[in-house]
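Inspection log for the structure reproduced underneath, given as structure tokens.
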Amino acid sequence: MAVISSADFRKGKRLPQRIFDSASEALAGLLHDGMTIAAGGFGLCGIPETLIAAIRDSGVRQLTVISNNAGVDGFGLGLLLANGQVRQMISSYVGENKEFERQYLSGELELEFNPQGTLAERMRAGGAGIAGFYTRTGVGTLIAEGKEERLFRGERFILETGLTADLAIVKAFRGDPYGNLVYRKTARNFNPMAASCGRVTVAEVEEMVPAGTIDPDHVHTPGIFVQRMIAAASNEKRIEQRTLQAAA
Amino acid sequence: MAWTRDQMAARAARELRDGFYVNLGIGIPTLVGNHVAPGIDVTLQSENGMLGLGPFPTEAEVDPDIINAGKQTITELDRTSYVSSADSFGMIRGGHIDLSILGAMQVSDAGDLANWMVPGKMVKGPGGAMDLVAGVKQIIVVMEHVAKDGAPKFRRACELPLTGQNVVDMLITDLAVFARPDRASPFALIELAPGVSENEVRAKTEAVYRMKAAR
């Protein structure tokens with residue numbers, strides 16, 4: 001499949017002007033101190049590497065970041081943490097980052113833990129206009145403290161609220177000029193929900209493909225959820241736990 | 001002789017039934033996949049968004065876009081499907097997964113599970129454990145019988161913050177197996193590791209449990 005540059009799209013008439021030449025251009029006008037950013041990715045898999053680096057370079061501060069994990073030292077969201085740009089993380093698991101631990105224990109960084117499925121559903125709900133939902137997850141635990149509890153069919157459920165963000169950043173495998181996205185394998189993870197819960201969503205894609213290339217039946221995130229996009233400049237895809245079969 | 005980690009995993013694997021959809025936690029539970037009996041076909045699920053996990057890859061097969069919930073590289077099978085994390089937890093929360101095997105810090109005789117935080121220590125977070133115990137049909141815990149300081153981990157009540165209340169159906173330790181037929185029933189000691197006595201288990205257990213003749 002031919003991979004074509006954003007300039008090729010610009011030549012086309014009446015194509016939506018979603019495609020930008022760089023991450024910094026795509027983020028222009030969208031960043032402000034104190035904002036909330038939702039980021040796709042699980043661990044270091046399917047994270048928007050290019051956009052995270054551009055947000056680091058922008059120097060925007062006091063961020064609330066909604067992301068399942070917080071990256072590792074020196075990569076992923078760890079770049080924003082190391083640069084002191086994050087005020088709060090809304091996450092489910094953050095164990096892989098020493099600088100995170102230091103900032104959290106010193107009180108520089110706030111942390112709101114969510115069960116992983118609750119976090120995914122809160123983002124999905126926020127993007128779908130659902131204010132809240134009842135779940136069994138977390139009943140009778142610290143997670144339930146301060147939350148409404150209600151019985152359905154005799155079982156206990158707690159109320160969780162939908163999440164939205166000022167900006168969502170996602171990574172996709174392929175994208176077309178209409179913003180239709182396809183993810184690859186487990187790199188999909190939180191990206192579709194992040195894309196839906198951003199008031200503005202910026203996608204970085206490994207391959208920009210011409211309109212009509214993606215089978216409409218195979219679109220994972222329709223372009224209505226994607227306002228801006230770039231061809232990813234970074235596809236390092238660092239591996240956290242390279243685990244191999246024992247040699248035979 | 002107490003069971004080794006691998007023997008505990010093998011014991012847990014005997015609970016797998018043909019056709020089960022199974023989610024394995026991190027640590028000893030991951031080893032269960034190495035002990036699936038011939039003739040038993042199970043489909044492993046990983047909560048980041050993969051149904052149908054294959055074995056770990058060869059060097060040539062490593063794909064950074066295919067990882068399990070422990071962030072380990074993994075391979076796909078001819079049955080594999082990928083979904084978003086929201087859909088993956090729909091499978092879990094919606095009661096579509098037959099069995100989850102998890103590690104634990106403490107289990108109570110009421111089936112409460114504590115496996116996500118120790119107050120005063122850096123907390124990594126609950127990850128998917130709370131969703132798994134809230135939604136999966138059957139929960140098996142695999143853990144060492146006592147903590148490093150010798151304290152019993154199968155207790156009257158969990159001292160550590162809970163992952164879920166009344167969620168454990170079977171407990172496999174390095175010394176013994178405890179099970180109960182439903183979540184209104186007490187646990188019974190159903191099996192001892194070779195050479196382990198009932199008295200030793202009794203001495204190292206705080207929880208109240210029944211005795212049951214070996215199956």
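Ordering of the structure tokens sets the chain letters (A, B, ...), residue numbers begin anew at 1 in every chain, and ligands are numbered from 1 in the order given.
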Can you pull out every residue within 7 Å of region 117-132 of chain A, counting only C-alpha atoms, but drop anything in the same chain fewer than 3 positions away, and send it as JSON, numbers by chain?
{"A": [114, 159, 160, 161, 162, 163, 164, 190, 193, 194, 196, 197], "B": [85, 86, 89, 128, 131]}
Which residues are near region 48-63 of chain A? Cut-off 6 Å, only C-alpha atoms, ignore same chain within fewer than 5 positions. Put them as a ChimeraX atom specification.
/A:23-24,33-36,80,85-87,170-171,232-234
Dump all heavy atoms for the selected residues as a JSON list (two decimals), in the first residue's frame?
```json
[["chain", "number", "residue", "atom", "x", "y", "z"],
["A", 23, "ALA", "N", 3.55, 17.77, 14.73],
["A", 23, "ALA", "CA", 2.79, 17.69, 15.97],
["A", 23, "ALA", "C", 2.57, 19.08, 16.56],
["A", 23, "ALA", "O", 1.49, 19.39, 17.05],
["A", 23, "ALA", "CB", 3.51, 16.78, 16.97],
["A", 24, "SER", "N", 3.61, 19.92, 16.50],
["A", 24, "SER", "CA", 3.46, 21.25, 17.11],
["A", 24, "SER", "C", 2.41, 22.08, 16.37],
["A", 24, "SER", "O", 1.64, 22.81, 16.99],
["A", 24, "SER", "CB", 4.81, 21.98, 17.15],
["A", 24, "SER", "OG", 5.32, 22.12, 15.85],
["A", 33, "ASP", "N", -2.29, 25.97, 30.23],
["A", 33, "ASP", "CA", -1.98, 25.49, 31.58],
["A", 33, "ASP", "C", -3.27, 25.11, 32.29],
["A", 33, "ASP", "O", -4.29, 25.79, 32.17],
["A", 33, "ASP", "CB", -1.25, 26.58, 32.38],
["A", 33, "ASP", "CG", 0.16, 26.83, 31.86],
["A", 33, "ASP", "OD1", 0.61, 26.08, 30.97],
["A", 33, "ASP", "OD2", 0.80, 27.78, 32.35],
["A", 34, "GLY", "N", -3.20, 24.01, 33.06],
["A", 34, "GLY", "CA", -4.34, 23.59, 33.86],
["A", 34, "GLY", "C", -5.34, 22.74, 33.11],
["A", 34, "GLY", "O", -6.38, 22.37, 33.67],
["A", 35, "MET", "N", -5.07, 22.42, 31.87],
["A", 35, "MET", "CA", -6.04, 21.66, 31.07],
["A", 35, "MET", "C", -6.00, 20.16, 31.39],
["A", 35, "MET", "O", -5.07, 19.68, 32.04],
["A", 35, "MET", "CB", -5.77, 21.87, 29.57],
["A", 35, "MET", "CG", -4.52, 21.17, 29.07],
["A", 35, "MET", "SD", -4.10, 21.60, 27.34],
["A", 35, "MET", "CE", -5.57, 21.04, 26.47],
["A", 36, "THR", "N", -7.01, 19.46, 30.90],
["A", 36, "THR", "CA", -7.10, 18.01, 31.04],
["A", 36, "THR", "C", -6.84, 17.35, 29.69],
["A", 36, "THR", "O", -7.45, 17.73, 28.69],
["A", 36, "THR", "CB", -8.49, 17.61, 31.56],
["A", 36, "THR", "OG1", -8.69, 18.20, 32.84],
["A", 36, "THR", "CG2", -8.62, 16.09, 31.68],
["A", 80, "LEU", "N", 6.64, 13.96, 30.35],
["A", 80, "LEU", "CA", 5.91, 15.11, 30.92],
["A", 80, "LEU", "C", 6.12, 15.18, 32.43],
["A", 80, "LEU", "O", 6.23, 16.27, 33.00],
["A", 80, "LEU", "CB", 4.42, 15.02, 30.61],
["A", 80, "LEU", "CG", 4.01, 14.88, 29.14],
["A", 80, "LEU", "CD1", 2.49, 14.98, 29.01],
["A", 80, "LEU", "CD2", 4.67, 15.96, 28.29],
["A", 85, "GLN", "N", 5.38, 18.85, 34.34],
["A", 85, "GLN", "CA", 4.22, 19.45, 33.69],
["A", 85, "GLN", "C", 2.89, 18.89, 34.16],
["A", 85, "GLN", "O", 1.84, 19.40, 33.79],
["A", 85, "GLN", "CB", 4.33, 19.25, 32.16],
["A", 85, "GLN", "CG", 5.46, 20.04, 31.53],
["A", 85, "GLN", "CD", 5.68, 19.64, 30.07],
["A", 85, "GLN", "OE1", 6.49, 18.77, 29.77],
["A", 85, "GLN", "NE2", 4.97, 20.28, 29.17],
["A", 86, "VAL", "N", 2.94, 17.80, 34.96],
["A", 86, "VAL", "CA", 1.71, 17.11, 35.33],
["A", 86, "VAL", "C", 1.37, 17.41, 36.79],
["A", 86, "VAL", "O", 2.21, 17.24, 37.68],
["A", 86, "VAL", "CB", 1.85, 15.59, 35.13],
["A", 86, "VAL", "CG1", 0.54, 14.89, 35.46],
["A", 86, "VAL", "CG2", 2.28, 15.29, 33.70],
["A", 87, "ARG", "N", 0.13, 17.86, 37.02],
["A", 87, "ARG", "CA", -0.33, 18.11, 38.38],
["A", 87, "ARG", "C", -1.11, 16.91, 38.92],
["A", 87, "ARG", "O", -1.04, 16.59, 40.09],
["A", 87, "ARG", "CB", -1.26, 19.33, 38.39],
["A", 87, "ARG", "CG", -1.75, 19.74, 39.77],
["A", 87, "ARG", "CD", -2.76, 20.88, 39.68],
["A", 87, "ARG", "NE", -3.96, 20.48, 38.97],
["A", 87, "ARG", "CZ", -4.97, 19.79, 39.52],
["A", 87, "ARG", "NH1", -4.92, 19.44, 40.78],
["A", 87, "ARG", "NH2", -6.03, 19.46, 38.81],
["A", 170, "VAL", "N", -4.19, 10.42, 20.57],
["A", 170, "VAL", "CA", -4.26, 8.98, 20.32],
["A", 170, "VAL", "C", -3.25, 8.58, 19.25],
["A", 170, "VAL", "O", -2.79, 9.41, 18.45],
["A", 170, "VAL", "CB", -5.68, 8.54, 19.88],
["A", 170, "VAL", "CG1", -6.69, 8.89, 20.95],
["A", 170, "VAL", "CG2", -6.06, 9.14, 18.54],
["A", 171, "LYS", "N", -2.95, 7.28, 19.26],
["A", 171, "LYS", "CA", -2.06, 6.69, 18.24],
["A", 171, "LYS", "C", -2.83, 5.65, 17.47],
["A", 171, "LYS", "O", -3.49, 4.78, 18.07],
["A", 171, "LYS", "CB", -0.86, 6.02, 18.95],
["A", 171, "LYS", "CG", 0.12, 5.31, 18.04],
["A", 171, "LYS", "CD", 0.97, 6.33, 17.30],
["A", 171, "LYS", "CE", 2.15, 5.70, 16.59],
["A", 171, "LYS", "NZ", 3.43, 6.20, 17.13],
["A", 232, "ALA", "N", 2.84, 10.13, 12.24],
["A", 232, "ALA", "CA", 3.70, 10.04, 13.43],
["A", 232, "ALA", "C", 5.16, 10.18, 13.03],
["A", 232, "ALA", "O", 5.62, 9.55, 12.08],
["A", 232, "ALA", "CB", 3.47, 8.70, 14.13],
["A", 233, "ALA", "N", 5.88, 11.02, 13.76],
["A", 233, "ALA", "CA", 7.32, 11.15, 13.53],
["A", 233, "ALA", "C", 8.09, 10.13, 14.34],
["A", 233, "ALA", "O", 9.25, 9.84, 14.04],
["A", 233, "ALA", "CB", 7.77, 12.57, 13.90],
["A", 234, "SER", "N", 7.46, 9.61, 15.39],
["A", 234, "SER", "CA", 8.12, 8.64, 16.25],
["A", 234, "SER", "C", 7.26, 7.39, 16.37],
["A", 234, "SER", "O", 6.11, 7.44, 16.79],
["A", 234, "SER", "CB", 8.35, 9.25, 17.64],
["A", 234, "SER", "OG", 8.82, 8.26, 18.54]]
```
Taking the DSSP assignment computed from this structure's backbone, write out as a PyMOL selection string all residues of region 48-113 of chain B that belong to helix (DSSP H, G or I).
chain B and resi 59-61+85-93
Quick one: write out the picked residues with all heavy atoms as a JSON list (two decimals), in the first residue's frame?
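out-v8.json written:
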```json
[["chain", "number", "residue", "atom", "x", "y", "z"],
["B", 59, "GLU", "N", 12.39, -14.73, 19.15],
["B", 59, "GLU", "CA", 12.97, -13.40, 18.88],
["B", 59, "GLU", "C", 12.40, -12.82, 17.58],
["B", 59, "GLU", "O", 12.05, -11.64, 17.50],
["B", 59, "GLU", "CB", 14.49, -13.51, 18.80],
["B", 59, "GLU", "CG", 15.22, -12.18, 18.63],
["B", 59, "GLU", "CD", 15.15, -11.30, 19.87],
["B", 59, "GLU", "OE1", 15.46, -11.81, 20.97],
["B", 59, "GLU", "OE2", 14.79, -10.11, 19.74],
["B", 60, "ALA", "N", 12.27, -13.69, 16.56],
["B", 60, "ALA", "CA", 11.81, -13.22, 15.25],
["B", 60, "ALA", "C", 10.33, -12.83, 15.27],
["B", 60, "ALA", "O", 9.89, -12.02, 14.45],
["B", 60, "ALA", "CB", 12.04, -14.31, 14.21],
["B", 61, "GLU", "N", 9.57, -13.39, 16.19],
["B", 61, "GLU", "CA", 8.13, -13.12, 16.23],
["B", 61, "GLU", "C", 7.76, -11.90, 17.08],
["B", 61, "GLU", "O", 6.59, -11.51, 17.10],
["B", 61, "GLU", "CB", 7.39, -14.33, 16.81],
["B", 61, "GLU", "CG", 7.35, -15.55, 15.91],
["B", 61, "GLU", "CD", 6.80, -16.77, 16.63],
["B", 61, "GLU", "OE1", 6.91, -16.86, 17.88],
["B", 61, "GLU", "OE2", 6.28, -17.66, 15.95],
["B", 85, "SER", "N", -10.09, -1.63, 25.25],
["B", 85, "SER", "CA", -10.12, -1.96, 26.67],
["B", 85, "SER", "C", -11.54, -1.88, 27.23],
["B", 85, "SER", "O", -11.89, -2.63, 28.14],
["B", 85, "SER", "CB", -9.18, -1.03, 27.45],
["B", 85, "SER", "OG", -7.84, -1.22, 27.03],
["B", 86, "ALA", "N", -12.37, -0.99, 26.69],
["B", 86, "ALA", "CA", -13.76, -0.90, 27.17],
["B", 86, "ALA", "C", -14.51, -2.19, 26.83],
["B", 86, "ALA", "O", -15.24, -2.74, 27.66],
["B", 86, "ALA", "CB", -14.46, 0.31, 26.56],
["B", 87, "ASP", "N", -14.33, -2.69, 25.61],
["B", 87, "ASP", "CA", -15.00, -3.94, 25.23],
["B", 87, "ASP", "C", -14.42, -5.12, 26.00],
["B", 87, "ASP", "O", -15.13, -6.06, 26.34],
["B", 87, "ASP", "CB", -14.87, -4.17, 23.72],
["B", 87, "ASP", "CG", -15.75, -3.22, 22.92],
["B", 87, "ASP", "OD1", -16.72, -2.69, 23.49],
["B", 87, "ASP", "OD2", -15.46, -3.01, 21.73],
["B", 88, "SER", "N", -13.11, -5.07, 26.25],
["B", 88, "SER", "CA", -12.48, -6.15, 26.99],
["B", 88, "SER", "C", -13.06, -6.24, 28.40],
["B", 88, "SER", "O", -13.35, -7.34, 28.90],
["B", 88, "SER", "CB", -10.97, -5.90, 27.05],
["B", 88, "SER", "OG", -10.34, -6.88, 27.81],
["B", 89, "PHE", "N", -13.23, -5.11, 29.03],
["B", 89, "PHE", "CA", -13.81, -5.12, 30.38],
["B", 89, "PHE", "C", -15.32, -5.37, 30.33],
["B", 89, "PHE", "O", -15.90, -5.77, 31.33],
["B", 89, "PHE", "CB", -13.44, -3.85, 31.14],
["B", 89, "PHE", "CG", -12.07, -3.94, 31.72],
["B", 89, "PHE", "CD1", -10.99, -3.39, 31.05],
["B", 89, "PHE", "CD2", -11.83, -4.61, 32.90],
["B", 89, "PHE", "CE1", -9.70, -3.51, 31.55],
["B", 89, "PHE", "CE2", -10.55, -4.75, 33.40],
["B", 89, "PHE", "CZ", -9.48, -4.19, 32.73],
["B", 90, "GLY", "N", -15.92, -5.16, 29.17],
["B", 90, "GLY", "CA", -17.30, -5.61, 29.00],
["B", 90, "GLY", "C", -17.39, -7.13, 29.12],
["B", 90, "GLY", "O", -18.30, -7.67, 29.74],
["B", 91, "MET", "N", -16.42, -7.82, 28.50],
["B", 91, "MET", "CA", -16.37, -9.29, 28.63],
["B", 91, "MET", "C", -16.22, -9.68, 30.10],
["B", 91, "MET", "O", -16.84, -10.63, 30.58],
["B", 91, "MET", "CB", -15.15, -9.85, 27.88],
["B", 91, "MET", "CG", -15.16, -9.67, 26.39],
["B", 91, "MET", "SD", -13.57, -10.29, 25.73],
["B", 91, "MET", "CE", -13.64, -9.58, 24.09],
["B", 92, "ILE", "N", -15.37, -8.95, 30.80],
["B", 92, "ILE", "CA", -15.04, -9.28, 32.19],
["B", 92, "ILE", "C", -16.21, -8.94, 33.11],
["B", 92, "ILE", "O", -16.73, -9.79, 33.84],
["B", 92, "ILE", "CB", -13.76, -8.53, 32.62],
["B", 92, "ILE", "CG1", -12.55, -9.11, 31.87],
["B", 92, "ILE", "CG2", -13.57, -8.57, 34.13],
["B", 92, "ILE", "CD1", -11.29, -8.27, 31.95],
["B", 93, "ARG", "N", -16.63, -7.70, 33.06],
["B", 93, "ARG", "CA", -17.67, -7.23, 33.97],
["B", 93, "ARG", "C", -19.01, -7.88, 33.66],
["B", 93, "ARG", "O", -19.84, -8.09, 34.54],
["B", 93, "ARG", "CB", -17.78, -5.70, 33.84],
["B", 93, "ARG", "CG", -17.99, -4.97, 35.12],
["B", 93, "ARG", "CD", -18.30, -3.52, 34.87],
["B", 93, "ARG", "NE", -17.19, -2.72, 34.41],
["B", 93, "ARG", "CZ", -16.99, -2.34, 33.14],
["B", 93, "ARG", "NH1", -17.79, -2.71, 32.17],
["B", 93, "ARG", "NH2", -15.97, -1.58, 32.84]]
```
From the list B:Ile97, B:Val167, B:Ala104, B:Val133, which residue is nearest chain A when using only C-alpha atoms?
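The shortest atom-to-atom distance to chain A comes from B:Val133.
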Given a cut-off of 9 Å, which residues of chain B touch chain A, counting only C-alpha atoms, written out as a count of residues only?
53
Spatial neighbours of Asp98 (chain B), max dist 8 Å, only C-alpha atoms, sep filter under 3 positions, as a ChimeraX atom specification
/B:20-22,95,136-138
